[in-house]
Structures are given as C-alpha cells and as structure tokens.
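Q: If you scroll down you'll find the structure; I have some questions about it.
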Amino acid sequence: MNEDRLEPDRAEPWFLYAARGLGDGSYHPLPLGDTCIGRDEGSDIHLALFDPAVSRLHATIARYAGEETAWLQDRGSSNGVFVNGRRVDGVAIRPGDVVRLGDTMLVVGRGEPAAPEDEAQLGVLGRSPVVAELRAVVRKVAPSALPVLIVGATGTGKDVVARAVHDASGRRGRIVAVNCAALPGTLVESVLFGHKRGAFTGAVSDAEGAFVQASGGTLFLDEVGDLALEAQPKLLRALENGEITPVGATSPVRVDVRVVAATHVALDAEMDAGTFRRDLYGRLAGVVVRTPPLVERRADVLPLFRSFLGQSGARELSADFVESLLVHAWPFNVRELRKLAERLLVLHADAPRWERGMLHKEMRPLLDAPPRSDAPSVSGLPSAAPVAGADDGRREGPPPARAELLALLAQCDGNVSRVAELVGRNRKQVYRWMEQHAIERGTGRKR
C-alpha cells in the first residue's frame with residue numbers, strides 16, 4: 001500500500017454512527033487505512049459487531065487522506081452489504097450514506113460530533129457535527145445585541161433555534177413571534193406597532209403591537225421573506241430608529257427589542273427580483289444562521305424520532321423499519337419526522353415491535369425493490385463490479401474515484417491484471433486510470 005496515503009489526515013475526521021446495534025447511538029472513529037468489520041472473533045477485526053446476522057469478517061472500509069470518498073467492500077459475507085437500501089459488492093461511500101451489515105445500521109459521517117452531555121442543550125436536539133456547530137454559533141451570538149437571520153428549509157426547526165437564541169441571550173423580556181407570511185399589508189402596522197382606539201374601523205380599544213409586547217425581550221419575525229413589499233419600509237424604520245408609532249398615535253414609543261428573523265425563501269434571489277429590500281436585509285442579517293435539512297444529519301434521525309415518541313421511545317424497532325427511516329429523503333424535514341411519530345403512536349400504539357410495513361408506501365419503494373447484482377455506486381461514482389462484455393478497455397464512462405482505485409490496488413496487492421478482472425476491464429484501461437490519478441505503478445504492493 002502507498003504509505004503516503006496514510007499520513008495524518010488534515011481534513012475533518014470521519015466516523016461511523018451506530019443507529020442500530022453496536023450500542024445504539026454510539027460513535028466510532030473511521031481512521032485512515034483499512035477498517036475490518038465483523039463479529040467479535042479474532043484480532044483482525046477492527047470494529048466488532050455483536051450481531052448474529054454479521055459474518056466473522058463481513059466488510060472492509062478503506063479510507064485515504066485527502067479523498068472525499070472511502071471504499072466499502074463486501075468480504076464474502078453471508079447476508080450481504082447494503083448501502084442506502086441497495087445491496088452492493090464494492091462501492092464508494094461518503095458522509096451521509098447508510099450502511100447495513102446484518103441487522104446493524106451504520107451512518108457514515110464527517111466532523112466532530114457533540115459530546116453526549118451536549119446532545120439536548122439549548123433545546124436543539126442532536127449530536128451530529130452540523131448541529132454541534134449550530135449550537136456553538138448560538139452560544140456565541142445569543143448574548144450580543146446583533147440581529148440574527150435564520151435561514152433554512154421548511155421544517156428544519158428555525159423556530160427552535162430562535163427560541164434557543166432568546167433563552168441564551170439573558171434578556172428578561174419574553175419572546176414574541178409574528179408570522180410575516182400571514183400579515184396582510186393593511187394590518188402590518190397594527191400587528192407590529194399597535195394602534196389607538198378609533199384609529200380605524202374596528203379599533204374599539206388601544207392595542208399593543210408585537211414590538212411593545214417584546215420590549216426587553218426578543219421579537220421573532222418568522223418567514224420574513226414573505227413580508228409584503230409595501231410593509232418592508234415600515235419595518236425598516238422601526239429597526240433603524242428603535243422607535244415605533246402606533247396607528248393613530250401622535251408621538252413615537254421607544255422600544256428595546258432584539259430581533260431574530262427566519263425565512264425559507266432565498267433572499268438573494270428575492271433582492272435581485274426587487275421583492276425584498278436590500279437595506280432591510282442589511283438590518284436583519286447581523287449574523288446569518290443556517291438550519292440544516294434532516295438529510296445532512298442522518299445520525300440524528302433515530303434520536304429525534306424516539307424523542308417524539310415520548311414515554312414510548314424505548315419500544316422495539318425492526319432493522320427494516322430503522323433502515324427505512326434512515327434512507328428516507330425527508331422532504332419536510334424534522335416536522336415530517338414528528339408527524340410520522342405521532343401517526344404511528346395513534347395507529348400502532350399496541351404493537352410490541354414496529355415493522356417497515358407500518359410506514360407510508362413512499363418510504364418503502366427503494367427498500368422493497370429486489371437486490372441488484374451490479375453493485376451500483378450510491379454516491380454517483382462508478383462501481384467496481386464486473387461489467388459484462390468488457391473488451392478493449394475503452395468503454396465510455398468516468399474513471400473510478402482515486403480512493404476507489406487505491407483501495408482496489410491494495411486489495412489486489414498491486415496486481416493490475418487482478419484489478420482489471422475484478423472491474424471487468426482490461427489492463428490498459430486500469431493503467432490509464434492510474435495515469436489520470438497520478439498513481440505510480442506498483443502502488444498497493446505489500447512490502
């Protein structure tokens with residue numbers, strides 16, 4: 001093996017998160033070089049899975065410094081290796097992929113997970129690196145007076161982050177939320193700034209607006225990207241002056257408000273289109289915080305799901321059920337996961353064990369499909385499975401990733417002919433791939 005590929009990795013560390021099996025919820029480093037995975041039998045196993053459905057040596061993962069993918073190889077296991085719901089032989093994997101070995105579910109990840117004691121801090125659940133970074137930003141920003149703009153897709157918990165900013169701010173007032181998407185342009189001033197009795201038809205008494213209600217605390221402007229264009233100058237003036245004038249009043253009122261805004265809308269595009277004011281964006285975006293979609297934090301799917309089950313969170317979940325949760329795309333993010341938990345508690349509260357068949361049909365098509373024998377690449381990279389009809393090695397298609405080719409060379413002890421046979425190409429093609437990746441001949445030979 002080329003020893004320089006095993007030098008200390010200067011990039012973020014990789015890990016395997018055990019969503020099921022191996023002590024549910026545990027994190028395991030994925031170091032450079034080869035990691036042999038199997039049952040707890042023999043000293044050649046680096047990661048032991050106490051799972052009767054796992055073979056003694058079930059699979060290996062080869063990872064090299066500077067590579068964006070690692071190579072997962074089935075080592076002749078009895079029950080196969082599955083990645084993102086598909087059976088594979090050898091395939092490139094990357095952070096976010098879900099690996100199933102027997103009944104054990106592993107999520108490939110990169111970065112530094114949060115410590116267990118930090119998992120539920122600030123009301124933001126999860127240990128995945130992106131959530132750990134999110135909490136770190138909140139801790140830094142919250143005590144300041146800077147306005148915060150939270151951006152993220154629908155259902156990613158922007159309201160939870162807004163609450164976390166308020167709770168960690170030390171401000172004594174309360175947090176007041178206003179849904180800007182539901183505000184008609186004619187009522188914006190009344191809702192935000194309040195009004196005096198008789199100011200308009202129906203104003204039968206004085207009313208405090210959201211700015212006054214949140215004085216001393218935090219005003220949360222949810223979905224601010226949907227605020228009517230004609231209302232934006234009025235909000236901007238209030239943010240610039242720290243003063244509001246209730247509808248029908250003759251003098252302004254001073255307010256002490258920390259503003260946190262959130263949006264699922266791409267404000268860059270809205271500003272280019274002229275539907276969102278750039279000067280208002282400048283006032284709101286003191287610090288921009290991004291809430292990650294659930295597919296970027298697959299290691300948090302099971303902990304979040306169990307938290308939504310409440311006292312029923314300890315119930316047994318089948319391996320197929322867990323796999324379905326982990327590989328689902330979650331287009332509506334955490335909100336969709338919560339609704340699923342609520343639905344299952346209503347429909348299957350008495351079931352001792354939850355099975356895949358209890359899930360929506362749209363969560364099962366990939367997993368219900370028959371296994372494929374061509375070992376597809378789930379990462380969009382070419383597979384190292386044999387290719388029928390290989391001839392002159394000039395078949396169309398991109399070369400394998402460098403990490404894949406290095407892993408194959410190491411597996412075949414540097415023998416290019418064996419690599420060529422494994423991938424269904426001829427030696428000349430393999431040599432061309434090596435040249436493209438600047439891999440020297442002889443790489444992979446044991447010394």
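For the structure tokens, the naming scheme is as follows: chains receive sequential letters (A, B, ...) according to their order of presentation, residues are indexed from 1 within each chain, and ligands are indexed from 1 in presentation order.
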Would you list the contacts of Arg94 (chain A) as a count of residues only, taking every protein, DNA or RNA residue within 8 Å and counting only C-alpha atoms, but skipping same-chain residues closer than 5 positions in sequence?

A: 6

Q: Write out as number ranges by chain the set of residues from region 185-266 of chain A that DSSP, computed on the backbone, places in alpha helix (DSSP H).

A: A: 188-193, 210-213, 232-241

Q: Suppose we keep C-alpha atoms; can you now write the selection as a PDB file, in the first residue's frame?

A:
```pdb
ATOM      1  CA  VAL A 188     -48.776  45.144   9.333  1.00  0.00           C
ATOM      2  CA  GLU A 189     -48.552  48.428  11.251  1.00  0.00           C
ATOM      3  CA  SER A 190     -51.282  47.427  13.682  1.00  0.00           C
ATOM      4  CA  VAL A 191     -49.801  43.999  14.393  1.00  0.00           C
ATOM      5  CA  LEU A 192     -46.220  45.210  14.724  1.00  0.00           C
ATOM      6  CA  PHE A 193     -46.698  48.669  16.245  1.00  0.00           C
ATOM      7  CA  ALA A 210     -45.565  42.999  18.848  1.00  0.00           C
ATOM      8  CA  PHE A 211     -42.674  45.458  19.303  1.00  0.00           C
ATOM      9  CA  VAL A 212     -44.076  46.706  22.627  1.00  0.00           C
ATOM     10  CA  GLN A 213     -45.004  43.204  23.761  1.00  0.00           C
ATOM     11  CA  GLN A 232     -40.958  46.486   4.446  1.00  0.00           C
ATOM     12  CA  PRO A 233     -40.132  50.234   4.722  1.00  0.00           C
ATOM     13  CA  LYS A 234     -42.241  50.451   7.893  1.00  0.00           C
ATOM     14  CA  LEU A 235     -40.327  47.595   9.491  1.00  0.00           C
ATOM     15  CA  LEU A 236     -37.027  49.083   8.354  1.00  0.00           C
ATOM     16  CA  ARG A 237     -37.751  52.421  10.028  1.00  0.00           C
ATOM     17  CA  ALA A 238     -38.541  50.713  13.307  1.00  0.00           C
ATOM     18  CA  LEU A 239     -35.302  48.731  13.183  1.00  0.00           C
ATOM     19  CA  GLU A 240     -33.233  51.811  12.330  1.00  0.00           C
ATOM     20  CA  ASN A 241     -34.677  54.113  14.987  1.00  0.00           C
TER      21      ASN A 241
END
```

Q: If you run DSSP on the backbone here, which positions in region 140-385 of chain A get strand (DSSP E or B)? Please write them as a PyMOL selection string.

A: chain A and resi 148-151+175-179+194-195+207-208+218-222+243-244+247+253-254+258-263+287-290+316-317+353-354

Q: Compare A:Ala407, A:Leu345, A:Ala228, A:Gly202 by their minimum atom-to-atom distance to Thr60 (chain A), counting only C-alpha atoms, and give me the closest one.

A: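 Of the candidates, the smallest distance to Thr60 (chain A) is held by A:Ala407.
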
Q: Might you pull out every residue within 12 Å of Gly282 (chain A), with only C-alpha atoms counted and same-chain residues fewer than 3 positions away left off, and present them as number ranges by chain?

A: A: 146-149, 236, 239-240, 267-268, 271, 276-279, 285-288

Q: Only all heavy atoms, please: the residues just picked out, written as a compact mmCIF listing (two decimals), in the first residue's frame.

A:
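Wrote it out as part-v6.txt, contents follow:
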```txt
# COMPACT_ATOMS: atom_id res chain seq x y z
N LEU A 146 -26.68 41.76 18.36
CA LEU A 146 -26.78 41.63 16.91
C LEU A 146 -28.10 40.98 16.50
O LEU A 146 -28.54 40.01 17.13
CB LEU A 146 -25.64 40.76 16.38
CG LEU A 146 -24.25 41.40 16.31
CD1 LEU A 146 -23.21 40.32 16.00
CD2 LEU A 146 -24.22 42.50 15.27
N PRO A 147 -28.75 41.51 15.46
CA PRO A 147 -29.91 40.81 14.92
C PRO A 147 -29.46 39.51 14.27
O PRO A 147 -28.34 39.42 13.75
CB PRO A 147 -30.47 41.79 13.89
CG PRO A 147 -29.30 42.65 13.50
CD PRO A 147 -28.44 42.75 14.72
N VAL A 148 -30.32 38.51 14.28
CA VAL A 148 -29.99 37.19 13.76
C VAL A 148 -31.00 36.83 12.67
O VAL A 148 -32.21 36.97 12.87
CB VAL A 148 -30.01 36.12 14.86
CG1 VAL A 148 -29.75 34.73 14.29
CG2 VAL A 148 -28.98 36.45 15.94
N LEU A 149 -30.49 36.36 11.54
CA LEU A 149 -31.34 35.86 10.46
C LEU A 149 -31.11 34.36 10.34
O LEU A 149 -29.99 33.92 10.08
CB LEU A 149 -31.00 36.56 9.14
CG LEU A 149 -31.79 36.08 7.91
CD1 LEU A 149 -33.28 36.33 8.09
CD2 LEU A 149 -31.27 36.74 6.64
N LEU A 236 -38.38 48.56 8.41
CA LEU A 236 -37.03 49.08 8.35
C LEU A 236 -36.87 50.31 9.24
O LEU A 236 -35.89 50.43 9.98
CB LEU A 236 -36.66 49.43 6.91
CG LEU A 236 -35.28 50.05 6.69
CD1 LEU A 236 -34.18 49.08 7.12
CD2 LEU A 236 -35.10 50.44 5.23
N LEU A 239 -36.59 49.34 12.86
CA LEU A 239 -35.30 48.73 13.18
C LEU A 239 -34.19 49.77 13.23
O LEU A 239 -33.26 49.68 14.04
CB LEU A 239 -34.96 47.65 12.15
CG LEU A 239 -35.93 46.45 12.08
CD1 LEU A 239 -35.49 45.50 10.98
CD2 LEU A 239 -36.00 45.74 13.42
N GLU A 240 -34.27 50.77 12.37
CA GLU A 240 -33.23 51.81 12.33
C GLU A 240 -33.30 52.74 13.53
O GLU A 240 -32.27 53.12 14.10
CB GLU A 240 -33.37 52.63 11.04
CG GLU A 240 -32.95 51.88 9.79
CD GLU A 240 -33.15 52.70 8.53
OE1 GLU A 240 -34.01 53.61 8.54
OE2 GLU A 240 -32.45 52.43 7.53
N LEU A 267 -33.29 34.78 -0.06
CA LEU A 267 -33.41 36.24 -0.10
C LEU A 267 -32.51 36.87 -1.15
O LEU A 267 -32.81 37.96 -1.65
CB LEU A 267 -33.12 36.82 1.28
CG LEU A 267 -34.16 36.51 2.36
CD1 LEU A 267 -33.82 37.21 3.66
CD2 LEU A 267 -35.56 36.90 1.91
N ASP A 268 -31.41 36.22 -1.51
CA ASP A 268 -30.57 36.76 -2.59
C ASP A 268 -31.39 36.89 -3.88
O ASP A 268 -31.34 37.91 -4.56
CB ASP A 268 -29.36 35.85 -2.84
CG ASP A 268 -28.33 35.97 -1.73
OD1 ASP A 268 -28.44 36.93 -0.94
OD2 ASP A 268 -27.44 35.11 -1.65
N MET A 271 -34.02 39.66 -3.53
CA MET A 271 -33.44 41.01 -3.68
C MET A 271 -33.14 41.31 -5.14
O MET A 271 -33.37 42.42 -5.61
CB MET A 271 -32.19 41.13 -2.81
CG MET A 271 -32.49 41.19 -1.32
SD MET A 271 -31.04 41.54 -0.29
CE MET A 271 -30.17 39.98 -0.39
N PHE A 276 -37.59 42.01 -2.23
CA PHE A 276 -37.13 42.17 -0.84
C PHE A 276 -36.04 43.24 -0.82
O PHE A 276 -35.10 43.20 -1.62
CB PHE A 276 -36.58 40.86 -0.27
CG PHE A 276 -36.50 40.86 1.23
CD1 PHE A 276 -37.60 40.52 1.99
CD2 PHE A 276 -35.33 41.23 1.89
CE1 PHE A 276 -37.55 40.52 3.38
CE2 PHE A 276 -35.26 41.25 3.26
CZ PHE A 276 -36.38 40.89 4.02
N ARG A 277 -36.18 44.18 0.09
CA ARG A 277 -35.29 45.34 0.13
C ARG A 277 -33.91 44.96 0.66
O ARG A 277 -33.79 44.27 1.69
CB ARG A 277 -35.89 46.44 1.01
CG ARG A 277 -37.18 47.04 0.47
CD ARG A 277 -37.73 48.04 1.46
NE ARG A 277 -36.79 49.15 1.69
CZ ARG A 277 -37.01 50.40 1.30
NH1 ARG A 277 -38.11 50.71 0.62
NH2 ARG A 277 -36.13 51.34 1.58
N ARG A 278 -32.88 45.43 -0.03
CA ARG A 278 -31.52 45.15 0.39
C ARG A 278 -31.19 45.83 1.72
O ARG A 278 -30.46 45.27 2.54
CB ARG A 278 -30.52 45.59 -0.69
CG ARG A 278 -30.61 44.76 -1.97
CD ARG A 278 -29.52 45.11 -2.96
NE ARG A 278 -29.68 44.34 -4.19
CZ ARG A 278 -29.22 43.10 -4.36
NH1 ARG A 278 -28.55 42.52 -3.37
NH2 ARG A 278 -29.41 42.46 -5.49
N ASP A 279 -31.71 47.04 1.93
CA ASP A 279 -31.41 47.73 3.18
C ASP A 279 -32.07 47.04 4.37
O ASP A 279 -31.51 47.00 5.47
CB ASP A 279 -31.80 49.21 3.11
CG ASP A 279 -33.20 49.43 2.55
OD1 ASP A 279 -33.90 48.44 2.26
OD2 ASP A 279 -33.58 50.62 2.37
N ALA A 285 -29.70 40.87 8.89
CA ALA A 285 -28.65 39.85 8.79
C ALA A 285 -27.38 40.25 9.52
O ALA A 285 -26.30 40.24 8.94
CB ALA A 285 -28.36 39.55 7.32
N GLY A 286 -27.51 40.60 10.80
CA GLY A 286 -26.31 40.85 11.59
C GLY A 286 -25.45 39.60 11.65
O GLY A 286 -24.23 39.63 11.47
N VAL A 287 -26.10 38.47 11.90
CA VAL A 287 -25.47 37.15 11.83
C VAL A 287 -26.47 36.23 11.13
O VAL A 287 -27.65 36.22 11.47
CB VAL A 287 -25.14 36.59 13.23
CG1 VAL A 287 -24.59 35.18 13.11
CG2 VAL A 287 -24.15 37.48 13.94
N VAL A 288 -25.99 35.48 10.15
CA VAL A 288 -26.85 34.53 9.44
C VAL A 288 -26.57 33.13 9.96
O VAL A 288 -25.42 32.68 9.97
CB VAL A 288 -26.62 34.60 7.92
CG1 VAL A 288 -27.49 33.57 7.21
CG2 VAL A 288 -26.90 36.00 7.39
```
